[in-house]
Amino acid sequence: MGLTFAQKVLAQKAGLDRVDVGQIVEVEPDVCMSHDNTAAIAKTFARIGVERVKYPERFVVILDHTVPAATEKYAQNHKEIREFVAAQGIQRFFDAGVGICHQVLPEKGFALPGRLILGSDSHTPTYGAFGAFAAGVGRSEMAVLYATGRIWLKTPASFRVVLSGKLAEPVTAKDLILHVIGSIGADGALYRSVEYTGEAIEAMSLSSRMVLSNMAIEMGAKNGVCAPDEKTFAFLEDRAEVEYTPVFPDEDAEYERVLEFDASSLEPQVAAPHAVDNVSAIGDVAGTPIHQALLGTCTNGRMEDLRLAAKVLDGRTVAKGVRLLVLPASQEILLAALREGLIETFVRAGGLLLSPGCGPCLGAHQGVLAPGEACISTANRNFKGRMGSPDAEIYLGSPATVAASAVAGRIADPREFFQEDR
Amino acid sequence: MIQGRAWKYGDDVNTDVIFPGKYTYQPMEPEEMAQHAMEDLDSTFAEKVRVGDVIVAGKNFGCGSSREQAATCLKAAGVAAIIAPSFSRIFFRNAINNGLPVIELAEGTEEVRTGDEIEIDFEAGIVRHSGSEYRFPALPPEVLAILEDGGLIPHVRKVLGKSG
């Protein structure tokens with residue numbers, strides 16, 4: 001029997017011919033990422049009693065969760081992080097404004113096929129879109145990685161998620177992954193490695209694949225991977241920091257489950273409060289009044305997302321009583337959006353431009369919700385209290401759905417706007 | 001051996017309701033984290049929880065964010081163990097790394113109510129509730145070693161030969 005992607009990468013990293021599902025291995029990740037939690041990790045690292053980070057060249061530190069600092073506490077936190085990376089010789093440090101970690105790692109060419117990447121952030125699986133084995137860990141584990149460079153991982157069983165057909169605008173990868181999560185549930189892929197494959201994946205941009213990998217954790221997965229192809233190699237051509245060797249699953253690999261979904265017939269999907277798997281077609285929630293619309297985050301803050309939203313917002317205005325927040329996922333994207341005139345479109349429509357970063361997605365920074373308010377967001381989580389008040393409601397949808405809803409002042413089907421254009 | 005009162009919760013308890021994001025990037029000691037434990041799920045918990053209490057929950061406990069404070073705050077609040085049919089992967093690791101026992105057990109947990117007496121015999125791998133016994137599987141030796149050393153940091157200190 002052949003090996004899955006997860007088995008192959010973990011066997012390689014453990015220096016073994018093969019590993020079996022359930023086998024625990026000791027491995028050294030190629031890249032380890034942490035963000036605004038680095039000061040807390042540094043304090044834990046100090047408790048270990050090791051003075052120097054063992055492999056500073058393997059670590060990436062990015063400030064993105066509370067940037068620029070809104071409070072003195074956040075400012076102090078950032079200051080301690082800057083001092084730590086300087087003292088430890090961690091060169092790959094990206095300060096406030098460069099972008100969200102899950103966007104910056106690919107942009108800088110650190111997220112490469114076949115690599116093992118761990119991050120002290122649950123959306124670390126995003127790098128699976130580039131063929132990396134990428135998973136989240138906790139803060140103590142990152143501190144131990146600083147000290148030793150090593151960690152134990154269990155070899156997960158794998159699911160193959162076959163996405164057939166092609167998505168038709170304005171239906172996006174976001175609608176597709178919400179549909180998958182809604183179908184199998186928040187624990188549907190618990191502790192599994194998910195391999196996305198099929199015609200829809202082949203036809204999809206890397207930005208769209210990142211949406212699928214980003215949200216693998218929302219069905220409990222350890223990682224979510226798309227096999228690298230010509231699009232991946234082209235993206236990485238001028239970016240990859242080192243030579244890389246892609247890893248592909250064997251043809252006869254053993255999958256615990258094979259799940260099939262048809263992308264071509266999909267309607268826009270929305271996750272309603274307070275669970276990501278509380279998903280229905282747009283018709284079920286259309287008309288729900290909203291107070292805020294959020295366009296951005298590590299899930300949907302890339303150029304194709306902004307372009308799609310701009311198609312809806314061009315020449316229109318955001319409804320009275322609605323705040324449209326726009327956060328490009330990185331400085332690189334902000335610059336590209338400026339050049340294309342997308343930012344002008346958003347601001348003319350009444351949108352509010354925020355600096356690249358995580359923004360209000362996790363309720364720690366600007367743009368949070370008051371009790372009784374409702375928000376439609378392109379983010380990946382709608383848990384109670386996630387964006388501020390526990391008495392606020394968060395709906396998740398695609399950039400097209402968010403833009404259409406911002407214009408309508410209530411949750412709206414984006415297809416209405418795209419029909420008008422034709 | 002643990003004997004404590006149960007706190008019963010449902011499926012998919014996420015780390016945002018265990019420890020809200022607004023506190024996640026503020027420097028905080030475990031004792032202060034404990035004051036916010038379960039804040040957006042059960043506002044009575046932090047005040048009324050006692051040392052040795054046990055959380056009994058539904059599937060996929062600790063899903064969502066990787067924030068380790070979700071485990072640290074429960075440990076600091078005095079929670080002696082968490083019993084659930086399944087745990088989110090990162091929370092599971094964080095709990096072990098904080099020296100907080102997590103027990104994967106589905107059988108019998110539905111009948112548990114908040115306030116019930118629960119007994120956990122780790123050596124025998126048995127949970128006792130309301131006159132019944134339920135067996136749970138042992139953790140792999142690599143993982144058990146971390147838990148027995150009181151968490152990942154003391155474990156690694158031991159492995160690296162650091163004193164104390």
# chains A, B, ... in the order shown; residues from 1 in each chain; ligands from 1
>>> residues_around(residues="Arg82 of chain A", least_positions_apart="6", cutoff="10 Å", atoms="only C-alpha atoms", output="list of chain:residue names")
A:Thr38, A:Ala39, A:Val61, A:Leu63, A:Gln76, A:Ile90, A:Phe93, A:Phe94, A:Asp95
>>> select_by_dssp(residues="segment 147-396 of chain A", states="alpha helix (DSSP H)", output="PyMOL selection string")
chain A and resi 147-148+173-184+199-203+206-214+230-236+297-300+303-313+331-340+342-348
>>> closest_atom_pairs(of="chain B", to="chain A", cutoff="9 Å", atoms="only C-alpha atoms", output="JSON lines")
{"residue": "B:Asp12", "atom": "CA", "partner": "A:Ala186", "partner_atom": "CA", "distance": 7.3}
{"residue": "B:Asn14", "atom": "CA", "partner": "A:Phe383", "partner_atom": "CA", "distance": 7.5}
{"residue": "B:Asp16", "atom": "CA", "partner": "A:Arg386", "partner_atom": "CA", "distance": 6.2}
{"residue": "B:Val17", "atom": "CA", "partner": "A:Lys384", "partner_atom": "CA", "distance": 6.7}
{"residue": "B:Pro20", "atom": "CA", "partner": "A:Gly385", "partner_atom": "CA", "distance": 7.0}
{"residue": "B:Gly21", "atom": "CA", "partner": "A:Leu362", "partner_atom": "CA", "distance": 5.5}
{"residue": "B:Lys22", "atom": "CA", "partner": "A:Ala364", "partner_atom": "CA", "distance": 4.2}
{"residue": "B:Tyr23", "atom": "CA", "partner": "A:Ala364", "partner_atom": "CA", "distance": 7.2}
{"residue": "B:Thr24", "atom": "CA", "partner": "A:Ala364", "partner_atom": "CA", "distance": 7.4}
{"residue": "B:Tyr25", "atom": "CA", "partner": "A:Asn37", "partner_atom": "CA", "distance": 6.4}
{"residue": "B:Gln26", "atom": "CA", "partner": "A:Lys73", "partner_atom": "CA", "distance": 6.2}
{"residue": "B:Pro27", "atom": "CA", "partner": "A:Ala40", "partner_atom": "CA", "distance": 7.0}
{"residue": "B:Met28", "atom": "CA", "partner": "A:Ala40", "partner_atom": "CA", "distance": 8.9}
{"residue": "B:Asp40", "atom": "CA", "partner": "A:Pro390", "partner_atom": "CA", "distance": 6.3}
{"residue": "B:Leu41", "atom": "CA", "partner": "A:Lys384", "partner_atom": "CA", "distance": 8.4}
{"residue": "B:Lys59", "atom": "CA", "partner": "A:Asp187", "partner_atom": "CA", "distance": 7.8}
{"residue": "B:Asn60", "atom": "CA", "partner": "A:Asp187", "partner_atom": "CA", "distance": 6.0}
{"residue": "B:Cys63", "atom": "CA", "partner": "A:Gly220", "partner_atom": "CA", "distance": 7.2}
{"residue": "B:Gly64", "atom": "CA", "partner": "A:Glu218", "partner_atom": "CA", "distance": 6.8}
{"residue": "B:Ser65", "atom": "CA", "partner": "A:Ser122", "partner_atom": "CA", "distance": 5.3}
{"residue": "B:Ser66", "atom": "CA", "partner": "A:Ser122", "partner_atom": "CA", "distance": 4.8}
{"residue": "B:Arg67", "atom": "CA", "partner": "A:Gly138", "partner_atom": "CA", "distance": 6.7}
{"residue": "B:Glu68", "atom": "CA", "partner": "A:Gly138", "partner_atom": "CA", "distance": 5.6}
{"residue": "B:Ser86", "atom": "CA", "partner": "A:Leu190", "partner_atom": "CA", "distance": 8.6}
{"residue": "B:Phe87", "atom": "CA", "partner": "A:Leu190", "partner_atom": "CA", "distance": 8.4}
{"residue": "B:Ser88", "atom": "CA", "partner": "A:Gly220", "partner_atom": "CA", "distance": 6.4}
{"residue": "B:Arg89", "atom": "CA", "partner": "A:Tyr191", "partner_atom": "CA", "distance": 5.9}
{"residue": "B:Ile90", "atom": "CA", "partner": "A:Val137", "partner_atom": "CA", "distance": 5.9}
{"residue": "B:Phe91", "atom": "CA", "partner": "A:Gly138", "partner_atom": "CA", "distance": 8.1}
{"residue": "B:Arg93", "atom": "CA", "partner": "A:Gly138", "partner_atom": "CA", "distance": 7.5}
{"residue": "B:Asn94", "atom": "CA", "partner": "A:Gly138", "partner_atom": "CA", "distance": 5.9}
{"residue": "B:Asn97", "atom": "CA", "partner": "A:Ser140", "partner_atom": "CA", "distance": 7.0}
{"residue": "B:Asn98", "atom": "CA", "partner": "A:Ser140", "partner_atom": "CA", "distance": 8.4}
{"residue": "B:Pro140", "atom": "CA", "partner": "A:Ile24", "partner_atom": "CA", "distance": 8.8}
{"residue": "B:Glu142", "atom": "CA", "partner": "A:Ile24", "partner_atom": "CA", "distance": 8.2}
{"residue": "B:Leu152", "atom": "CA", "partner": "A:Ser140", "partner_atom": "CA", "distance": 7.0}
{"residue": "B:Ile153", "atom": "CA", "partner": "A:Ile48", "partner_atom": "CA", "distance": 6.1}
{"residue": "B:Pro154", "atom": "CA", "partner": "A:Ile48", "partner_atom": "CA", "distance": 7.7}
{"residue": "B:Val156", "atom": "CA", "partner": "A:Ile48", "partner_atom": "CA", "distance": 7.2}
{"residue": "B:Arg157", "atom": "CA", "partner": "A:Ile48", "partner_atom": "CA", "distance": 5.7}
{"residue": "B:Leu160", "atom": "CA", "partner": "A:Ile48", "partner_atom": "CA", "distance": 8.9}
{"residue": "B:Lys162", "atom": "CA", "partner": "A:Gly49", "partner_atom": "CA", "distance": 7.0}
>>> write_last_selection(atoms="N, CA and C atoms", output="short mmCIF file (atom, residue, chain, number, x, y, z; two decimals), in the first residue's frame")
data_model
loop_
_atom_site.label_atom_id
_atom_site.label_comp_id
_atom_site.auth_asym_id
_atom_site.auth_seq_id
_atom_site.Cartn_x
_atom_site.Cartn_y
_atom_site.Cartn_z
N ASP B 12 -18.51 20.94 20.76
CA ASP B 12 -17.79 22.00 20.04
C ASP B 12 -17.54 23.25 20.89
N ASN B 14 -15.55 26.04 21.94
CA ASN B 14 -14.36 26.57 21.27
C ASN B 14 -13.52 27.42 22.22
N ASP B 16 -12.44 30.38 21.91
CA ASP B 16 -12.85 31.78 22.06
C ASP B 16 -13.78 31.96 23.25
N VAL B 17 -14.68 31.00 23.47
CA VAL B 17 -15.58 31.13 24.63
C VAL B 17 -14.89 30.71 25.92
N PRO B 20 -11.55 34.53 25.86
CA PRO B 20 -11.82 35.45 24.75
C PRO B 20 -10.57 36.10 24.14
N GLY B 21 -10.68 36.34 22.83
CA GLY B 21 -9.57 36.90 22.06
C GLY B 21 -9.09 38.25 22.56
N LYS B 22 -9.99 39.01 23.20
CA LYS B 22 -9.58 40.35 23.63
C LYS B 22 -8.49 40.31 24.70
N TYR B 23 -8.34 39.15 25.36
CA TYR B 23 -7.29 39.03 26.39
C TYR B 23 -6.05 38.31 25.86
N THR B 24 -6.16 37.77 24.64
CA THR B 24 -5.15 36.82 24.18
C THR B 24 -3.77 37.43 23.99
N TYR B 25 -3.72 38.71 23.63
CA TYR B 25 -2.42 39.34 23.36
C TYR B 25 -2.02 40.33 24.43
N GLN B 26 -2.62 40.17 25.62
CA GLN B 26 -2.22 40.96 26.78
C GLN B 26 -1.40 40.07 27.70
N PRO B 27 -0.24 40.56 28.13
CA PRO B 27 0.56 39.76 29.07
C PRO B 27 -0.27 39.50 30.33
N MET B 28 -0.31 38.25 30.78
CA MET B 28 -1.18 37.89 31.91
C MET B 28 -0.63 36.65 32.60
N ASP B 40 -17.20 33.57 28.06
CA ASP B 40 -18.29 33.76 27.10
C ASP B 40 -19.19 32.52 26.95
N LEU B 41 -18.95 31.52 27.82
CA LEU B 41 -19.79 30.32 27.78
C LEU B 41 -20.64 30.22 29.04
N LYS B 59 -18.41 16.46 22.15
CA LYS B 59 -17.33 16.22 21.18
C LYS B 59 -16.58 17.49 20.80
N ASN B 60 -15.35 17.32 20.37
CA ASN B 60 -14.55 18.39 19.77
C ASN B 60 -14.30 19.54 20.75
N CYS B 63 -12.10 23.37 20.25
CA CYS B 63 -11.88 23.65 18.83
C CYS B 63 -11.61 25.15 18.62
N GLY B 64 -11.06 25.45 17.45
CA GLY B 64 -10.80 26.86 17.12
C GLY B 64 -9.36 27.25 17.32
N SER B 65 -9.20 28.43 17.88
CA SER B 65 -7.88 29.06 18.02
C SER B 65 -6.90 28.17 18.77
N SER B 66 -5.60 28.36 18.46
CA SER B 66 -4.54 27.60 19.14
C SER B 66 -4.18 28.18 20.50
N ARG B 67 -4.84 29.26 20.90
CA ARG B 67 -4.44 29.97 22.13
C ARG B 67 -4.30 29.02 23.31
N GLU B 68 -3.08 28.98 23.84
CA GLU B 68 -2.79 28.04 24.91
C GLU B 68 -3.45 28.45 26.22
N SER B 86 -14.19 13.64 22.29
CA SER B 86 -13.06 13.99 21.42
C SER B 86 -12.62 15.42 21.74
N PHE B 87 -11.37 15.70 21.43
CA PHE B 87 -10.79 17.02 21.66
C PHE B 87 -10.22 17.54 20.36
N SER B 88 -10.23 18.86 20.21
CA SER B 88 -9.52 19.43 19.08
C SER B 88 -8.03 19.16 19.29
N ARG B 89 -7.34 18.95 18.17
CA ARG B 89 -5.95 18.50 18.22
C ARG B 89 -5.05 19.46 19.00
N ILE B 90 -5.13 20.75 18.71
CA ILE B 90 -4.20 21.69 19.36
C ILE B 90 -4.54 21.83 20.84
N PHE B 91 -5.83 21.88 21.17
CA PHE B 91 -6.20 21.97 22.59
C PHE B 91 -5.70 20.76 23.35
N ARG B 93 -3.10 18.94 22.79
CA ARG B 93 -1.66 19.09 23.03
C ARG B 93 -1.41 20.17 24.10
N ASN B 94 -2.12 21.29 23.99
CA ASN B 94 -1.93 22.37 24.96
C ASN B 94 -2.26 21.92 26.38
N ASN B 97 0.44 19.74 27.62
CA ASN B 97 1.64 20.56 27.83
C ASN B 97 1.52 21.46 29.06
N ASN B 98 0.28 21.66 29.55
CA ASN B 98 0.06 22.42 30.77
C ASN B 98 -0.15 21.50 31.97
N PRO B 140 -0.48 7.47 24.80
CA PRO B 140 0.80 6.90 24.35
C PRO B 140 1.91 7.28 25.35
N GLU B 142 4.87 8.44 25.11
CA GLU B 142 5.56 9.72 24.86
C GLU B 142 4.75 10.88 25.44
N LEU B 152 4.91 20.32 29.52
CA LEU B 152 6.00 20.25 28.55
C LEU B 152 7.28 20.93 29.05
N ILE B 153 7.14 22.08 29.69
CA ILE B 153 8.35 22.82 30.08
C ILE B 153 9.13 22.05 31.15
N PRO B 154 8.48 21.61 32.26
CA PRO B 154 9.24 20.78 33.21
C PRO B 154 9.77 19.49 32.56
N VAL B 156 10.73 19.05 29.39
CA VAL B 156 11.89 19.35 28.56
C VAL B 156 13.09 19.73 29.43
N ARG B 157 12.83 20.44 30.51
CA ARG B 157 13.92 20.76 31.45
C ARG B 157 14.57 19.47 31.97
N LEU B 160 16.57 17.83 29.17
CA LEU B 160 17.80 18.57 28.89
C LEU B 160 18.75 18.61 30.09
N LYS B 162 18.25 20.04 33.02
CA LYS B 162 18.23 21.28 33.82
C LYS B 162 17.71 20.95 35.21
#
>>> select_by_dssp(residues="segment 27-80 of chain B", states="strand (DSSP E or B)", output="ChimeraX atom specification")
/B:54-56,61,63
>>> residues_around(residues="Leu100 of chain B", least_positions_apart="4", cutoff="12 Å", atoms="only C-alpha atoms", output="ChimeraX atom specification")
/B:52-55,68,70-83,91-96,143-144,146-152
>>> atom_distance(atom1="atom CA of Met1 of chain B", atom2="atom CA of Pro137 of chain B")
15.9 Å
>>> residues_around(residues="Leu259 of chain A", least_positions_apart="5", cutoff="7 Å", atoms="only C-alpha atoms", output="NGL selection string")
:A and (160-162)
>>> write_last_selection(atoms="N, CA and C atoms", output="JSON list (two decimals), in the first residue's frame")
[["chain", "number", "residue", "atom", "x", "y", "z"],
["A", 160, "ARG", "N", -9.45, 12.23, 1.51],
["A", 160, "ARG", "CA", -9.29, 12.81, 0.19],
["A", 160, "ARG", "C", -10.59, 13.53, -0.12],
["A", 161, "VAL", "N", -10.51, 14.83, -0.34],
["A", 161, "VAL", "CA", -11.72, 15.62, -0.64],
["A", 161, "VAL", "C", -11.68, 15.99, -2.12],
["A", 162, "VAL", "N", -12.54, 15.36, -2.88],
["A", 162, "VAL", "CA", -12.55, 15.53, -4.33],
["A", 162, "VAL", "C", -13.58, 16.60, -4.69]]
>>> atom_distance(atom1="atom CA of Ala157 of chain A", atom2="atom CA of His179 of chain A")
22.2 Å
>>> atom_distance(atom1="atom CA of Ser183 of chain A", atom2="atom CA of Ile282 of chain A")
15.2 Å
>>> closest_residue(among="B:Asp11, B:Gln69, B:Ala6, B:Val49", to="Met33 of chain B", atoms="only C-alpha atoms")
B:Gln69
>>> closest_residue(among="A:Ala403, A:Val27, A:Leu353, A:Leu236", to="Arg307 of chain A", atoms="only C-alpha atoms")
A:Ala403
>>> residues_around(residues="Ala106 of chain B", least_positions_apart="2", cutoff="8 Å", atoms="only C-alpha atoms", output="PyMOL selection string")
chain B and resi 84-86+104+108-110
>>> write_last_selection(atoms="C-alpha atoms", output="mmCIF file, in the first residue's frame")
data_model
loop_
_atom_site.group_PDB
_atom_site.id
_atom_site.type_symbol
_atom_site.label_atom_id
_atom_site.label_comp_id
_atom_site.auth_asym_id
_atom_site.auth_seq_id
_atom_site.Cartn_x
_atom_site.Cartn_y
_atom_site.Cartn_z
ATOM 1 C CA ALA B 84 -14.949 14.487 26.386
ATOM 2 C CA PRO B 85 -15.625 12.076 23.514
ATOM 3 C CA SER B 86 -13.055 13.993 21.424
ATOM 4 C CA GLU B 104 -11.171 10.743 25.626
ATOM 5 C CA GLY B 108 -21.529 7.530 30.132
ATOM 6 C CA THR B 109 -20.711 11.208 29.669
ATOM 7 C CA GLU B 110 -24.167 12.152 28.384
#
>>> residues_around(residues="Lys8 of chain B", least_positions_apart="4", cutoff="7 Å", atoms="only C-alpha atoms", output="PyMOL selection string")
chain B and resi 55-57+112-114
>>> residues_around(residues="Glu47 of chain B", least_positions_apart="3", cutoff="12 Å", atoms="only C-alpha atoms", output="PyMOL selection string")
chain B and resi 34-39+42-44+50-51+77-78
>>> write_last_selection(atoms="N, CA and C atoms", output="PDB file, in the first residue's frame")
ATOM      1  N   ALA B  34      -7.260  32.710  34.931  1.00  0.00           N
ATOM      2  CA  ALA B  34      -8.311  31.886  35.549  1.00  0.00           C
ATOM      3  C   ALA B  34      -9.577  32.703  35.810  1.00  0.00           C
ATOM      4  N   GLN B  35      -9.406  34.015  36.035  1.00  0.00           N
ATOM      5  CA  GLN B  35     -10.578  34.864  36.287  1.00  0.00           C
ATOM      6  C   GLN B  35     -11.453  35.029  35.047  1.00  0.00           C
ATOM      7  N   HIS B  36     -10.880  34.740  33.872  1.00  0.00           N
ATOM      8  CA  HIS B  36     -11.646  34.863  32.622  1.00  0.00           C
ATOM      9  C   HIS B  36     -12.064  33.499  32.053  1.00  0.00           C
ATOM     10  N   ALA B  37     -11.758  32.423  32.772  1.00  0.00           N
ATOM     11  CA  ALA B  37     -12.036  31.079  32.257  1.00  0.00           C
ATOM     12  C   ALA B  37     -13.520  30.909  31.945  1.00  0.00           C
ATOM     13  N   MET B  38     -13.814  30.460  30.759  1.00  0.00           N
ATOM     14  CA  MET B  38     -15.183  30.165  30.301  1.00  0.00           C
ATOM     15  C   MET B  38     -16.063  31.420  30.213  1.00  0.00           C
ATOM     16  N   GLU B  39     -15.447  32.578  30.138  1.00  0.00           N
ATOM     17  CA  GLU B  39     -16.173  33.843  30.272  1.00  0.00           C
ATOM     18  C   GLU B  39     -17.370  33.973  29.325  1.00  0.00           C
ATOM     19  N   ASP B  42     -19.993  30.473  30.183  1.00  0.00           N
ATOM     20  CA  ASP B  42     -20.649  30.269  31.476  1.00  0.00           C
ATOM     21  C   ASP B  42     -20.071  31.291  32.453  1.00  0.00           C
ATOM     22  N   SER B  43     -20.796  32.378  32.654  1.00  0.00           N
ATOM     23  CA  SER B  43     -20.267  33.484  33.460  1.00  0.00           C
ATOM     24  C   SER B  43     -20.167  33.120  34.940  1.00  0.00           C
ATOM     25  N   THR B  44     -20.737  31.998  35.358  1.00  0.00           N
ATOM     26  CA  THR B  44     -20.651  31.596  36.769  1.00  0.00           C
ATOM     27  C   THR B  44     -19.399  30.759  37.047  1.00  0.00           C
ATOM     28  N   ARG B  50     -14.095  25.030  41.789  1.00  0.00           N
ATOM     29  CA  ARG B  50     -13.247  24.697  42.938  1.00  0.00           C
ATOM     30  C   ARG B  50     -12.106  23.796  42.495  1.00  0.00           C
ATOM     31  N   VAL B  51     -11.011  23.844  43.234  1.00  0.00           N
ATOM     32  CA  VAL B  51      -9.864  22.992  42.913  1.00  0.00           C
ATOM     33  C   VAL B  51     -10.302  21.528  42.924  1.00  0.00           C
ATOM     34  N   ALA B  77      -7.477  27.603  37.127  1.00  0.00           N
ATOM     35  CA  ALA B  77      -8.748  27.718  37.853  1.00  0.00           C
ATOM     36  C   ALA B  77      -8.977  26.518  38.772  1.00  0.00           C
ATOM     37  N   GLY B  78      -8.128  25.504  38.641  1.00  0.00           N
ATOM     38  CA  GLY B  78      -8.237  24.353  39.527  1.00  0.00           C
ATOM     39  C   GLY B  78      -8.820  23.106  38.889  1.00  0.00           C
TER      40      GLY B  78
END
>>> decode(residues="segment 397-417 of chain A", atoms="N, CA and C atoms", output="compact mmCIF listing (two decimals), in the first residue's frame")
# COMPACT_ATOMS: atom_id res chain seq x y z
N GLY A 397 -19.16 34.74 4.95
CA GLY A 397 -19.48 34.53 3.55
C GLY A 397 -18.31 34.91 2.67
N SER A 398 -18.52 34.89 1.38
CA SER A 398 -17.47 35.20 0.41
C SER A 398 -17.31 36.72 0.29
N PRO A 399 -16.24 37.17 -0.35
CA PRO A 399 -16.08 38.61 -0.60
C PRO A 399 -17.25 39.20 -1.41
N ALA A 400 -17.79 38.41 -2.33
CA ALA A 400 -18.92 38.90 -3.13
C ALA A 400 -20.16 39.07 -2.25
N THR A 401 -20.38 38.11 -1.37
CA THR A 401 -21.54 38.17 -0.48
C THR A 401 -21.40 39.33 0.50
N VAL A 402 -20.18 39.53 1.02
CA VAL A 402 -19.94 40.63 1.96
C VAL A 402 -20.17 41.98 1.28
N ALA A 403 -19.65 42.13 0.05
CA ALA A 403 -19.82 43.40 -0.67
C ALA A 403 -21.29 43.64 -1.00
N ALA A 404 -21.97 42.61 -1.47
CA ALA A 404 -23.39 42.75 -1.82
C ALA A 404 -24.21 43.12 -0.58
N SER A 405 -23.86 42.51 0.55
CA SER A 405 -24.59 42.78 1.79
C SER A 405 -24.32 44.19 2.30
N ALA A 406 -23.07 44.66 2.11
CA ALA A 406 -22.73 46.03 2.53
C ALA A 406 -23.58 47.04 1.76
N VAL A 407 -23.77 46.80 0.50
CA VAL A 407 -24.57 47.70 -0.34
C VAL A 407 -26.05 47.62 0.05
N ALA A 408 -26.51 46.41 0.31
CA ALA A 408 -27.94 46.21 0.59
C ALA A 408 -28.32 46.58 2.03
N GLY A 409 -27.33 46.53 2.95
CA GLY A 409 -27.64 46.79 4.35
C GLY A 409 -28.22 45.57 5.05
N ARG A 410 -28.25 44.49 4.37
CA ARG A 410 -28.77 43.22 4.90
C ARG A 410 -28.05 42.13 4.13
N ILE A 411 -28.07 40.92 4.63
CA ILE A 411 -27.39 39.85 3.92
C ILE A 411 -28.06 39.66 2.57
N ALA A 412 -27.24 39.72 1.51
CA ALA A 412 -27.80 39.72 0.16
C ALA A 412 -27.09 38.71 -0.73
N ASP A 413 -27.82 38.20 -1.69
CA ASP A 413 -27.29 37.23 -2.66
C ASP A 413 -26.46 38.00 -3.70
N PRO A 414 -25.16 37.72 -3.78
CA PRO A 414 -24.33 38.49 -4.72
C PRO A 414 -24.71 38.27 -6.17
N ARG A 415 -25.38 37.18 -6.45
CA ARG A 415 -25.72 36.90 -7.85
C ARG A 415 -26.63 37.98 -8.44
N GLU A 416 -27.40 38.62 -7.55
CA GLU A 416 -28.26 39.71 -8.04
C GLU A 416 -27.42 40.83 -8.66
N PHE A 417 -26.27 41.09 -8.07
CA PHE A 417 -25.41 42.17 -8.56
C PHE A 417 -24.68 41.77 -9.84
